[in-house]
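Trainee: protein_8.pdb is reproduced below (PDB, C-alpha atoms).
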MODEL        1
ATOM      1  CA  MET A1493       0.000   0.000   0.000
ATOM      2  CA  VAL A1494       1.130   3.554  -0.733
ATOM      3  CA  GLU A1495      -0.188   6.757   0.826
ATOM      4  CA  ALA A1496       0.120  10.444   0.045
ATOM      5  CA  PHE A1497      -1.219  13.654   1.574
ATOM      6  CA  ALA A1498      -1.836  17.005  -0.123
ATOM      7  CA  PRO A1499      -2.951  20.160   1.709
ATOM      8  CA  GLY A1500      -5.816  22.448   0.832
ATOM      9  CA  LYS A1501      -5.426  26.184   0.405
ATOM     10  CA  CYS A1502      -7.030  29.529   1.081
ATOM     11  CA  ILE A1503      -6.661  32.693  -0.966
ATOM     12  CA  LEU A1504      -5.395  35.530   1.177
ATOM     13  CA  PHE A1505      -5.547  38.247  -1.483
ATOM     14  CA  GLY A1506      -6.479  38.703  -5.121
ATOM     15  CA  GLU A1507      -9.528  36.534  -5.751
ATOM     16  CA  HIS A1508     -11.447  37.640  -8.870
ATOM     17  CA  ALA A1509      -8.760  40.217  -9.729
ATOM     18  CA  VAL A1510      -6.521  37.308 -10.750
ATOM     19  CA  VAL A1511      -8.970  36.544 -13.570
ATOM     20  CA  TYR A1512      -8.020  39.921 -15.054
ATOM     21  CA  GLY A1513      -4.251  39.475 -14.861
ATOM     22  CA  HIS A1514      -3.579  40.746 -11.353
ATOM     23  CA  PRO A1515      -1.700  38.619  -8.778
ATOM     24  CA  ALA A1516      -3.354  36.308  -6.273
ATOM     25  CA  VAL A1517      -1.765  35.153  -3.021
ATOM     26  CA  ALA A1518      -2.622  31.718  -1.629
ATOM     27  CA  LEU A1519      -1.519  29.879   1.509
ATOM     28  CA  ALA A1520      -1.423  26.114   2.015
ATOM     29  CA  ILE A1521      -3.371  25.021   5.104
ATOM     30  CA  ASP A1522      -2.877  22.142   7.538
ATOM     31  CA  GLN A1523      -6.005  20.311   6.458
ATOM     32  CA  GLY A1524      -6.072  18.361   3.209
ATOM     33  CA  VAL A1525      -6.701  15.039   1.491
ATOM     34  CA  ARG A1526      -5.027  11.705   2.239
ATOM     35  CA  VAL A1527      -5.124   8.975  -0.409
ATOM     36  CA  SER A1528      -4.106   5.344  -0.070
ATOM     37  CA  LEU A1529      -3.748   2.882  -2.941
ATOM     38  CA  LYS A1530      -3.719  -0.884  -2.551
ATOM     39  CA  LYS A1531      -3.832  -3.573  -5.210
ATOM     40  CA  SER A1532      -7.102  -5.468  -5.197
ATOM     41  CA  GLU A1533      -9.166  -8.027  -7.059
ATOM     42  CA  GLU A1534     -11.524  -5.323  -8.326
ATOM     43  CA  TRP A1535     -11.587  -1.551  -8.729
ATOM     44  CA  ARG A1536     -12.994   0.080  -5.615
ATOM     45  CA  ILE A1537     -13.142   3.570  -4.146
ATOM     46  CA  GLY A1538     -14.386   4.396  -0.687
ATOM     47  CA  GLY A1539     -15.573   0.816  -0.251
ATOM     48  CA  GLU A1540     -17.742   0.951  -3.386
ATOM     49  CA  LYS A1541     -17.279  -0.022  -7.016
ATOM     50  CA  PHE A1542     -15.152   2.534  -8.861
ATOM     51  CA  ASP A1543     -17.054   4.470 -11.546
ATOM     52  CA  PRO A1544     -14.559   6.524 -13.616
ATOM     53  CA  PHE A1545     -17.323   8.886 -14.783
ATOM     54  CA  LYS A1546     -18.071   9.868 -11.198
ATOM     55  CA  HIS A1547     -14.381  10.503 -10.500
ATOM     56  CA  PRO A1548     -12.999  12.351 -13.552
ATOM     57  CA  HIS A1549      -9.922  13.689 -11.703
ATOM     58  CA  ILE A1550      -8.798  10.214 -10.696
ATOM     59  CA  SER A1551      -9.663   8.637 -14.036
ATOM     60  CA  HIS A1552      -7.685  11.292 -15.918
ATOM     61  CA  ILE A1553      -4.561  10.822 -13.796
ATOM     62  CA  LEU A1554      -4.780   7.026 -13.936
ATOM     63  CA  HIS A1555      -5.306   6.635 -17.662
ATOM     64  CA  LYS A1556      -4.256   9.880 -19.383
ATOM     65  CA  ILE A1557      -1.155  10.683 -17.327
ATOM     66  CA  PHE A1558       0.230   7.423 -15.908
ATOM     67  CA  TYR A1559      -1.393   5.067 -18.446
ATOM     68  CA  TYR A1560      -1.996   2.638 -15.609
ATOM     69  CA  ASN A1561      -2.799  -0.891 -16.828
ATOM     70  CA  GLY A1562      -1.859  -2.918 -13.758
ATOM     71  CA  GLU A1563      -3.985  -4.764 -11.245
ATOM     72  CA  PRO A1564      -7.210  -3.137 -10.016
ATOM     73  CA  LEU A1565      -6.774  -0.722  -7.135
ATOM     74  CA  ASP A1566      -8.643  -0.168  -3.906
ATOM     75  CA  ILE A1567      -8.606   3.612  -3.471
ATOM     76  CA  LYS A1568      -9.287   5.163  -0.079
ATOM     77  CA  ILE A1569      -9.783   8.902   0.317
ATOM     78  CA  GLU A1570      -9.890  10.831   3.579
ATOM     79  CA  SER A1571     -10.662  14.538   3.268
ATOM     80  CA  GLN A1572     -10.518  17.097   6.063
ATOM     81  CA  LEU A1573     -11.696  19.882   3.744
ATOM     82  CA  PHE A1574     -15.149  21.349   3.317
ATOM     83  CA  PRO A1575     -16.323  20.443  -0.216
ATOM     84  CA  ALA A1576     -17.071  23.155  -2.792
ATOM     85  CA  ALA A1577     -15.976  25.795  -0.275
ATOM     86  CA  GLY A1578     -12.995  27.365  -2.017
ATOM     87  CA  LEU A1579     -10.368  25.382  -0.105
ATOM     88  CA  GLY A1580      -9.026  23.438  -3.075
ATOM     89  CA  SER A1581     -10.392  20.016  -2.145
ATOM     90  CA  SER A1582     -10.400  18.659  -5.710
ATOM     91  CA  ALA A1583      -6.872  19.976  -6.332
ATOM     92  CA  ALA A1584      -5.629  18.331  -3.135
ATOM     93  CA  LEU A1585      -7.256  15.069  -4.241
ATOM     94  CA  SER A1586      -5.605  15.288  -7.667
ATOM     95  CA  ASN A1587      -2.187  15.976  -6.143
ATOM     96  CA  ALA A1588      -2.503  13.209  -3.558
ATOM     97  CA  ILE A1589      -3.579  10.691  -6.209
ATOM     98  CA  GLY A1590      -0.727  11.759  -8.482
ATOM     99  CA  ALA A1591       1.857  11.473  -5.708
ATOM    100  CA  ALA A1592       0.597   8.072  -4.598
ATOM    101  CA  LEU A1593       0.588   6.707  -8.150
ATOM    102  CA  HIS A1594       4.103   8.017  -8.697
ATOM    103  CA  LYS A1595       5.283   6.162  -5.608
ATOM    104  CA  MET A1596       3.537   2.982  -6.709
ATOM    105  CA  MET A1597       4.728   3.003 -10.322
ATOM    106  CA  LYS A1598       8.127   4.693  -9.936
ATOM    107  CA  PRO A1599       9.252   3.787  -6.402
ATOM    108  CA  ASN A1600      12.906   4.674  -6.993
ATOM    109  CA  GLU A1601      12.288   8.006  -8.736
ATOM    110  CA  LYS A1602      12.098  11.232  -6.747
ATOM    111  CA  LEU A1603       8.773  13.026  -6.927
ATOM    112  CA  ASP A1604       8.952  16.150  -9.124
ATOM    113  CA  ILE A1605       6.702  18.655  -7.326
ATOM    114  CA  VAL A1606       6.409  21.034 -10.298
ATOM    115  CA  LYS A1607       5.478  18.181 -12.611
ATOM    116  CA  LEU A1608       2.941  17.003 -10.044
ATOM    117  CA  ALA A1609       1.376  20.489  -9.890
ATOM    118  CA  LYS A1610       0.999  20.458 -13.672
ATOM    119  CA  ILE A1611      -0.538  16.974 -13.572
ATOM    120  CA  GLY A1612      -3.037  18.148 -10.967
ATOM    121  CA  HIS A1613      -3.854  21.210 -13.067
ATOM    122  CA  SER A1614      -4.512  19.046 -16.129
ATOM    123  CA  ALA A1615      -6.823  16.832 -14.062
ATOM    124  CA  GLU A1616      -8.715  19.892 -12.826
ATOM    125  CA  ALA A1617      -9.139  21.082 -16.418
ATOM    126  CA  ALA A1618     -10.304  17.654 -17.591
ATOM    127  CA  ALA A1619     -12.986  17.628 -14.897
ATOM    128  CA  GLN A1620     -14.065  21.249 -15.493
ATOM    129  CA  GLU A1621     -14.663  21.338 -19.248
ATOM    130  CA  GLY A1622     -11.200  22.655 -20.017
ATOM    131  CA  ARG A1623     -11.252  25.557 -17.569
ATOM    132  CA  ALA A1624      -9.055  25.620 -14.463
ATOM    133  CA  SER A1625      -6.664  27.947 -12.667
ATOM    134  CA  PRO A1626      -3.345  26.494 -11.467
ATOM    135  CA  THR A1627      -3.639  28.336  -8.146
ATOM    136  CA  ASP A1628      -5.073  25.462  -6.120
ATOM    137  CA  THR A1629      -2.875  22.686  -7.486
ATOM    138  CA  ALA A1630       0.317  24.787  -7.309
ATOM    139  CA  THR A1631      -0.319  25.841  -3.701
ATOM    140  CA  SER A1632      -1.183  22.294  -2.645
ATOM    141  CA  ALA A1633       1.912  20.860  -4.325
ATOM    142  CA  LEU A1634       4.436  23.526  -3.305
ATOM    143  CA  GLY A1635       3.039  24.476   0.096
ATOM    144  CA  GLY A1636       3.788  27.736   1.910
ATOM    145  CA  CYS A1637       2.805  30.979   0.188
ATOM    146  CA  VAL A1638       2.213  30.872  -3.575
ATOM    147  CA  VAL A1639       1.653  33.846  -5.870
ATOM    148  CA  VAL A1640      -0.002  33.472  -9.269
ATOM    149  CA  SER A1641       0.655  36.414 -11.561
ATOM    150  CA  GLY A1642       1.078  37.374 -15.181
ATOM    151  CA  GLU A1643       4.053  39.569 -14.284
ATOM    152  CA  PRO A1644       7.018  39.253 -11.887
ATOM    153  CA  VAL A1645       6.163  40.155  -8.307
ATOM    154  CA  LYS A1646       8.747  41.890  -6.140
ATOM    155  CA  GLY A1647      10.100  39.750  -3.316
ATOM    156  CA  THR A1648       9.060  36.417  -4.808
ATOM    157  CA  GLU A1649      10.909  33.531  -6.476
ATOM    158  CA  HIS A1650       9.745  32.337  -9.884
ATOM    159  CA  ILE A1651       9.048  28.587  -9.803
ATOM    160  CA  PHE A1652       7.424  27.669 -13.118
ATOM    161  CA  ASN A1653       5.174  28.741 -15.965
ATOM    162  CA  THR A1654       2.146  26.840 -17.174
ATOM    163  CA  GLU A1655      -0.522  27.171 -19.811
ATOM    164  CA  LEU A1656      -3.843  25.658 -20.728
ATOM    165  CA  VAL A1657      -5.929  25.619 -23.891
ATOM    166  CA  THR A1658      -9.452  26.542 -22.775
ATOM    167  CA  PRO A1659     -12.679  26.883 -24.779
ATOM    168  CA  GLU A1660     -11.949  30.626 -24.792
ATOM    169  CA  GLY A1661      -8.381  30.218 -26.074
ATOM    170  CA  LYS A1662      -4.928  29.622 -24.591
ATOM    171  CA  ARG A1663      -4.225  30.999 -21.127
ATOM    172  CA  SER A1664      -0.840  31.320 -19.435
ATOM    173  CA  TRP A1665       0.227  31.730 -15.816
ATOM    174  CA  SER A1666       3.449  32.208 -13.865
ATOM    175  CA  ILE A1667       3.825  30.656 -10.415
ATOM    176  CA  TYR A1668       5.978  32.294  -7.746
ATOM    177  CA  LYS A1669       6.759  31.521  -4.109
ATOM    178  CA  SER A1670       7.016  34.118  -1.382
ATOM    179  CA  ILE A1671       9.279  33.501   1.590
ATOM    180  CA  LEU A1672       7.339  33.527   4.832
ATOM    181  CA  PRO A1673       8.922  34.809   8.068
ATOM    182  CA  GLU A1674      10.512  32.095  10.216
ATOM    183  CA  LYS A1675       8.608  33.267  13.288
ATOM    184  CA  THR A1676       4.893  33.949  13.073
ATOM    185  CA  ASP A1677       4.584  35.150  16.689
ATOM    186  CA  GLY A1678       1.669  32.891  17.481
ATOM    187  CA  ILE A1679      -0.347  33.972  14.443
ATOM    188  CA  TRP A1680      -2.964  31.516  13.193
ATOM    189  CA  LEU A1681      -5.245  31.231  10.203
ATOM    190  CA  ILE A1682      -8.854  30.552  11.107
ATOM    191  CA  LEU A1683     -11.262  29.521   8.381
ATOM    192  CA  GLY A1684     -15.006  29.707   8.803
ATOM    193  CA  PHE A1685     -17.338  27.703   6.554
ATOM    194  CA  THR A1686     -20.797  29.167   5.977
ATOM    195  CA  GLY A1687     -22.263  25.757   5.186
ATOM    196  CA  GLU A1688     -23.118  27.003   1.695
ATOM    197  CA  SER A1689     -21.222  25.901  -1.416
ATOM    198  CA  SER A1690     -19.326  28.479  -3.459
ATOM    199  CA  PRO A1691     -20.448  28.489  -7.138
ATOM    200  CA  THR A1692     -17.177  29.591  -8.756
ATOM    201  CA  GLY A1693     -18.368  29.725 -12.361
ATOM    202  CA  LYS A1694     -21.483  31.686 -11.476
ATOM    203  CA  MET A1695     -19.561  34.209  -9.369
ATOM    204  CA  VAL A1696     -16.861  34.781 -12.016
ATOM    205  CA  ALA A1697     -19.538  35.270 -14.675
ATOM    206  CA  GLY A1698     -21.386  37.687 -12.400
ATOM    207  CA  VAL A1699     -18.284  39.848 -11.992
ATOM    208  CA  ALA A1700     -17.706  39.888 -15.759
ATOM    209  CA  ASN A1701     -21.289  40.995 -16.295
ATOM    210  CA  LEU A1702     -20.975  43.708 -13.620
ATOM    211  CA  LEU A1703     -17.801  45.106 -15.199
ATOM    212  CA  SER A1704     -19.436  45.263 -18.632
ATOM    213  CA  GLN A1705     -22.486  47.062 -17.281
ATOM    214  CA  VAL A1706     -20.631  49.354 -14.867
ATOM    215  CA  PRO A1707     -17.142  50.024 -16.293
ATOM    216  CA  SER A1708     -16.194  52.127 -13.257
ATOM    217  CA  LYS A1709     -16.173  48.895 -11.220
ATOM    218  CA  LYS A1710     -12.836  48.105 -12.875
ATOM    219  CA  ASP A1711     -11.379  50.461 -10.289
ATOM    220  CA  GLU A1712     -12.171  47.782  -7.714
ATOM    221  CA  MET A1713      -9.798  45.405  -9.524
ATOM    222  CA  GLU A1714      -7.009  47.976  -9.447
ATOM    223  CA  ALA A1715      -7.631  48.554  -5.755
ATOM    224  CA  ILE A1716      -7.487  44.813  -5.020
ATOM    225  CA  ASN A1717      -4.226  44.637  -6.992
ATOM    226  CA  GLU A1718      -2.653  47.360  -4.843
ATOM    227  CA  ILE A1719      -3.925  45.742  -1.644
ATOM    228  CA  THR A1720      -2.553  42.366  -2.733
ATOM    229  CA  LEU A1721       0.943  43.747  -3.293
ATOM    230  CA  LYS A1722       0.825  45.689  -0.045
ATOM    231  CA  GLY A1723      -0.463  42.696   1.909
ATOM    232  CA  LEU A1724       2.109  40.341   0.381
ATOM    233  CA  ASP A1725       4.950  42.687   1.317
ATOM    234  CA  ALA A1726       3.639  42.922   4.895
ATOM    235  CA  LEU A1727       3.316  39.127   5.084
ATOM    236  CA  SER A1728       6.897  38.540   3.953
ATOM    237  CA  LYS A1729       8.117  40.972   6.631
ATOM    238  CA  GLY A1730       6.018  39.416   9.386
ATOM    239  CA  ASN A1731       3.956  42.578   9.857
ATOM    240  CA  PHE A1732       0.706  40.767  10.578
ATOM    241  CA  GLU A1733      -1.112  43.874  11.760
ATOM    242  CA  ALA A1734      -0.639  45.333   8.278
ATOM    243  CA  VAL A1735      -1.674  42.009   6.730
ATOM    244  CA  GLY A1736      -4.898  42.159   8.723
ATOM    245  CA  LEU A1737      -5.654  45.716   7.627
ATOM    246  CA  ALA A1738      -5.106  44.699   4.004
ATOM    247  CA  MET A1739      -7.495  41.765   4.455
ATOM    248  CA  ASP A1740     -10.181  44.075   5.829
ATOM    249  CA  GLU A1741      -9.727  46.450   2.887
ATOM    250  CA  CYS A1742      -9.816  43.591   0.403
ATOM    251  CA  HIS A1743     -13.134  42.328   1.764
ATOM    252  CA  GLU A1744     -14.731  45.749   1.268
ATOM    253  CA  HIS A1745     -13.739  45.813  -2.397
ATOM    254  CA  LEU A1746     -15.002  42.262  -2.901
ATOM    255  CA  GLN A1747     -18.304  43.368  -1.380
ATOM    256  CA  ASN A1748     -18.388  46.158  -3.973
ATOM    257  CA  LEU A1749     -18.062  43.496  -6.680
ATOM    258  CA  ASN A1750     -21.149  41.734  -5.241
ATOM    259  CA  VAL A1751     -19.305  38.471  -4.575
ATOM    260  CA  SER A1752     -19.708  38.389  -0.823
ATOM    261  CA  SER A1753     -22.950  37.201   0.779
ATOM    262  CA  ASP A1754     -24.948  37.787   3.942
ATOM    263  CA  SER A1755     -23.548  34.608   5.496
ATOM    264  CA  LEU A1756     -19.948  35.542   4.647
ATOM    265  CA  ASP A1757     -20.394  39.110   5.921
ATOM    266  CA  ARG A1758     -21.958  37.802   9.122
ATOM    267  CA  LEU A1759     -18.937  35.607   9.862
ATOM    268  CA  VAL A1760     -16.482  38.382   8.991
ATOM    269  CA  GLU A1761     -18.207  40.837  11.335
ATOM    270  CA  ALA A1762     -18.396  38.234  14.096
ATOM    271  CA  VAL A1763     -14.639  37.535  14.141
ATOM    272  CA  ARG A1764     -13.214  41.016  13.570
ATOM    273  CA  PRO A1765     -13.163  42.069  17.247
ATOM    274  CA  TYR A1766     -10.814  39.125  17.960
ATOM    275  CA  SER A1767      -8.800  39.161  14.709
ATOM    276  CA  LEU A1768      -6.102  41.235  13.083
ATOM    277  CA  GLY A1769      -8.124  40.995   9.870
ATOM    278  CA  ALA A1770     -10.789  38.922   8.151
ATOM    279  CA  LYS A1771     -12.294  38.523   4.695
ATOM    280  CA  MET A1772     -14.088  36.124   2.416
ATOM    281  CA  THR A1773     -11.767  33.727   0.604
ATOM    282  CA  GLY A1774     -12.317  32.244  -2.833
ATOM    283  CA  ALA A1775     -15.052  32.905  -5.354
ATOM    284  CA  GLY A1776     -17.681  33.970  -2.814
ATOM    285  CA  GLY A1777     -21.434  33.554  -2.853
ATOM    286  CA  GLY A1778     -20.910  31.103   0.004
ATOM    287  CA  GLY A1779     -17.893  29.048   0.991
ATOM    288  CA  CYS A1780     -15.471  30.359   3.591
ATOM    289  CA  ILE A1781     -13.954  33.353   5.303
ATOM    290  CA  VAL A1782     -10.369  33.539   6.540
ATOM    291  CA  ALA A1783      -9.133  35.448   9.581
ATOM    292  CA  ILE A1784      -5.693  35.862  11.132
ATOM    293  CA  SER A1785      -5.492  36.094  14.891
ATOM    294  CA  ARG A1786      -3.431  35.443  18.001
ATOM    295  CA  ASN A1787      -6.545  34.026  19.652
ATOM    296  CA  PRO A1788      -7.757  31.242  17.354
ATOM    297  CA  GLN A1789     -10.025  29.620  19.942
ATOM    298  CA  ARG A1790     -11.961  32.831  20.533
ATOM    299  CA  VAL A1791     -12.309  33.390  16.790
ATOM    300  CA  SER A1792     -13.504  29.806  16.358
ATOM    301  CA  GLU A1793     -16.121  30.332  19.058
ATOM    302  CA  GLN A1794     -17.400  33.454  17.294
ATOM    303  CA  ILE A1795     -17.650  31.568  13.999
ATOM    304  CA  GLU A1796     -19.751  28.879  15.672
ATOM    305  CA  ILE A1797     -21.981  31.442  17.387
ATOM    306  CA  ALA A1798     -22.556  33.113  14.007
ATOM    307  CA  GLY A1799     -23.614  29.792  12.468
ATOM    308  CA  GLY A1800     -20.368  28.731  10.791
ATOM    309  CA  ILE A1801     -17.943  25.837  11.138
ATOM    310  CA  PRO A1802     -14.360  26.772  12.154
ATOM    311  CA  MET A1803     -11.042  25.295  11.100
ATOM    312  CA  ILE A1804      -7.650  26.358  12.483
ATOM    313  CA  SER A1805      -4.354  26.189  10.594
ATOM    314  CA  LYS A1806      -0.836  27.408  11.148
ATOM    315  CA  ILE A1807       0.906  29.596   8.567
ATOM    316  CA  GLY A1808       3.585  27.929   6.469
ATOM    317  CA  THR A1809       2.121  24.467   5.876
ATOM    318  CA  LYS A1810       4.309  22.242   3.694
ATOM    319  CA  GLY A1811       3.119  20.874   0.366
ATOM    320  CA  VAL A1812       2.288  17.387  -0.856
ATOM    321  CA  LYS A1813       4.079  14.469   0.766
ATOM    322  CA  ILE A1814       4.317  10.725   0.325
ATOM    323  CA  ILE A1815       3.644   9.053   3.656
TER     324      ILE A1815
ENDMDL
END
Could you write out this structure as structure tokens?
Mentor:
Amino acid sequence: MVEAFAPGKCILFGEHAVVYGHPAVALAIDQGVRVSLKKSEEWRIGGEKFDPFKHPHISHILHKIFYYNGEPLDIKIESQLFPAAGLGSSAALSNAIGAALHKMMKPNEKLDIVKLAKIGHSAEAAAQEGRASPTDTATSALGGCVVVSGEPVKGTEHIFNTELVTPEGKRSWSIYKSILPEKTDGIWLILGFTGESSPTGKMVAGVANLLSQVPSKKDEMEAINEITLKGLDALSKGNFEAVGLAMDECHEHLQNLNVSSDSLDRLVEAVRPYSLGAKMTGAGGGGCIVAISRNPQRVSEQIEIAGGIPMISKIGTKGVKII
């Protein structure tokens, strides 16, 4: 049997603006997806018969990437992530499956993390009608703080470039890593799930429609871009008070783009008295908020009181690993 674990992610800055060429900053989180593979007499997943049409990510990696033609596999998946909540659960699954298959089929070959991120991205695209951002898979594979941008970002290290042919044409991205401070001074990430799924496609389309109808709303994208760069610089220097202020500002601009929701705003307002900063994370319309705080238990309590489900993570989680 082989096992692999891949973390989920949260977007700290830049959601929606990244669609228009601005940078996005994502952090790997402690929680993720663990996959185990064991040879079996029949194909099974989660104790049931494996249906490749119900699991397009796994089927793509098995047959289109690794060309697996060995014995049937018993696949077990354990996820700690809220589904369809903007935490990169499908990307973590793709990365964990890819890492486990690599170990099984190439036991003496070192895992290439960049190649794995690209495999995960291709699986995401195959499952999403050719459309997928590399943000989730890159952050899950690399761990730490990942920046996706069309242009170089000051204070970051370029890791790789990637591209994808989508129904709308070819898209390209550059992936960078930002160095996090060695000491986080007891700072924690606290995620709060509204209990509502986040409809990414619908929210992205809604923003595009808003920008076409109200061109002045493009100023919101420029503002988010400036906040992202400011927040990233503060993060790399360990100035978490400034990071928190940038998060608060970012949430206001996302509200102006109509991508927040009553449930997200309620959680944000509930945690702010006990946080350095808080905002929605991901596409919006549901999903999660993220806060940074020195008092994660108090923030978690406030999330529960406001009707959400909390999750606590440290900053600086490592990427995918073979167990």
Trainee: Calculated over only C-alpha atoms, which of the candidates A:Gly1774, A:Gly1723, A:Pro1626, A:Gly1562 has the smallest distance to Val1640 in chain A?
Mentor: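 Checking each of A:Gly1774, A:Gly1723, A:Pro1626, A:Gly1562 against Val1640 in chain A, counting only C-alpha atoms, the winner is A:Pro1626.
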Trainee: Pick out the closest residue to Val1638 in chain A from this set: A:Leu1585, A:Ile1682, A:Leu1519, A:Leu1608. Count all atoms listed in the file.
Mentor: A:Leu1519
Trainee: Could you expand the PyMOL selection byres ((chain A and resi 1700-1711) around 12) into the explicit residues it covers here, written as a list in words?
Mentor: His1508, Ala1509, Val1511, Tyr1512, His1514, Gly1693, Lys1694, Met1695, Val1696, Ala1697, Gly1698, Val1699, Glu1712, Met1713, Glu1714, Ala1715, Ile1716, Asn1717, Glu1718, His1745, Leu1746, Gln1747, Asn1748, Leu1749, Asn1750 and Val1751 of chain A
Trainee: Set the distance at 8 Å and use only C-alpha atoms: which residues neighbour Ile1589 in chain A once local chain neighbours fewer than 6 positions away are removed? I'd like the list as a PyMOL selection string.
Mentor: chain A and resi 1496+1527+1550+1553
Trainee: With all atoms listed in the file as the basis for distance, which of A:Met1597, A:Ile1801, A:Arg1663, A:Ala1592 is at the shortest distance from Thr1686 in chain A?
Mentor: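 That would be A:Ile1801, the residue with the smallest distance to Thr1686 in chain A.
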Trainee: CA of Ala1584 in chain A to CA of Gly1524 in chain A: how many Å, to one decimal?
Mentor: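 Answer for the CA of Ala1584 in chain A to CA of Gly1524 in chain A separation: 6.4 Å.
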Trainee: Go ahead and compute the interatomic distance for CA of Gly1636 in chain A and CA of Glu1616 in chain A, in Å to one decimal.
Mentor: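 If I compute the distance from CA of Gly1636 in chain A to CA of Glu1616 in chain A, I get 20.9 Å.
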Trainee: Could you jot down the CA of Ser1752 in chain A to CA of Glu1655 in chain A separation for me, Å, one decimal place?
Mentor: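 Value for the CA of Ser1752 in chain A-CA of Glu1655 in chain A distance: 29.2 Å.
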Trainee: Just want the 10 Å neighbourhood of range 1537-1540 of chain A, counted on all atoms listed in the file, with same-chain residues fewer than 6 positions away dropped. Output as a list in words.
Mentor: Leu1529, His1547, Leu1565, Asp1566, Ile1567, Lys1568, Ile1569 and Glu1570 of chain A
Trainee: Please expand the PyMOL selection byres ((chain A and resi 1632) around 7) into the concrete residues it hits in this file, giving the result as a list of chain:residue names.
Mentor: A:Ala1498, A:Pro1499, A:Gly1500, A:Lys1501, A:Ala1520, A:Ala1584, A:Asp1628, A:Thr1629, A:Ala1630, A:Thr1631, A:Ala1633, A:Leu1634, A:Gly1635, A:Gly1811, A:Val1812
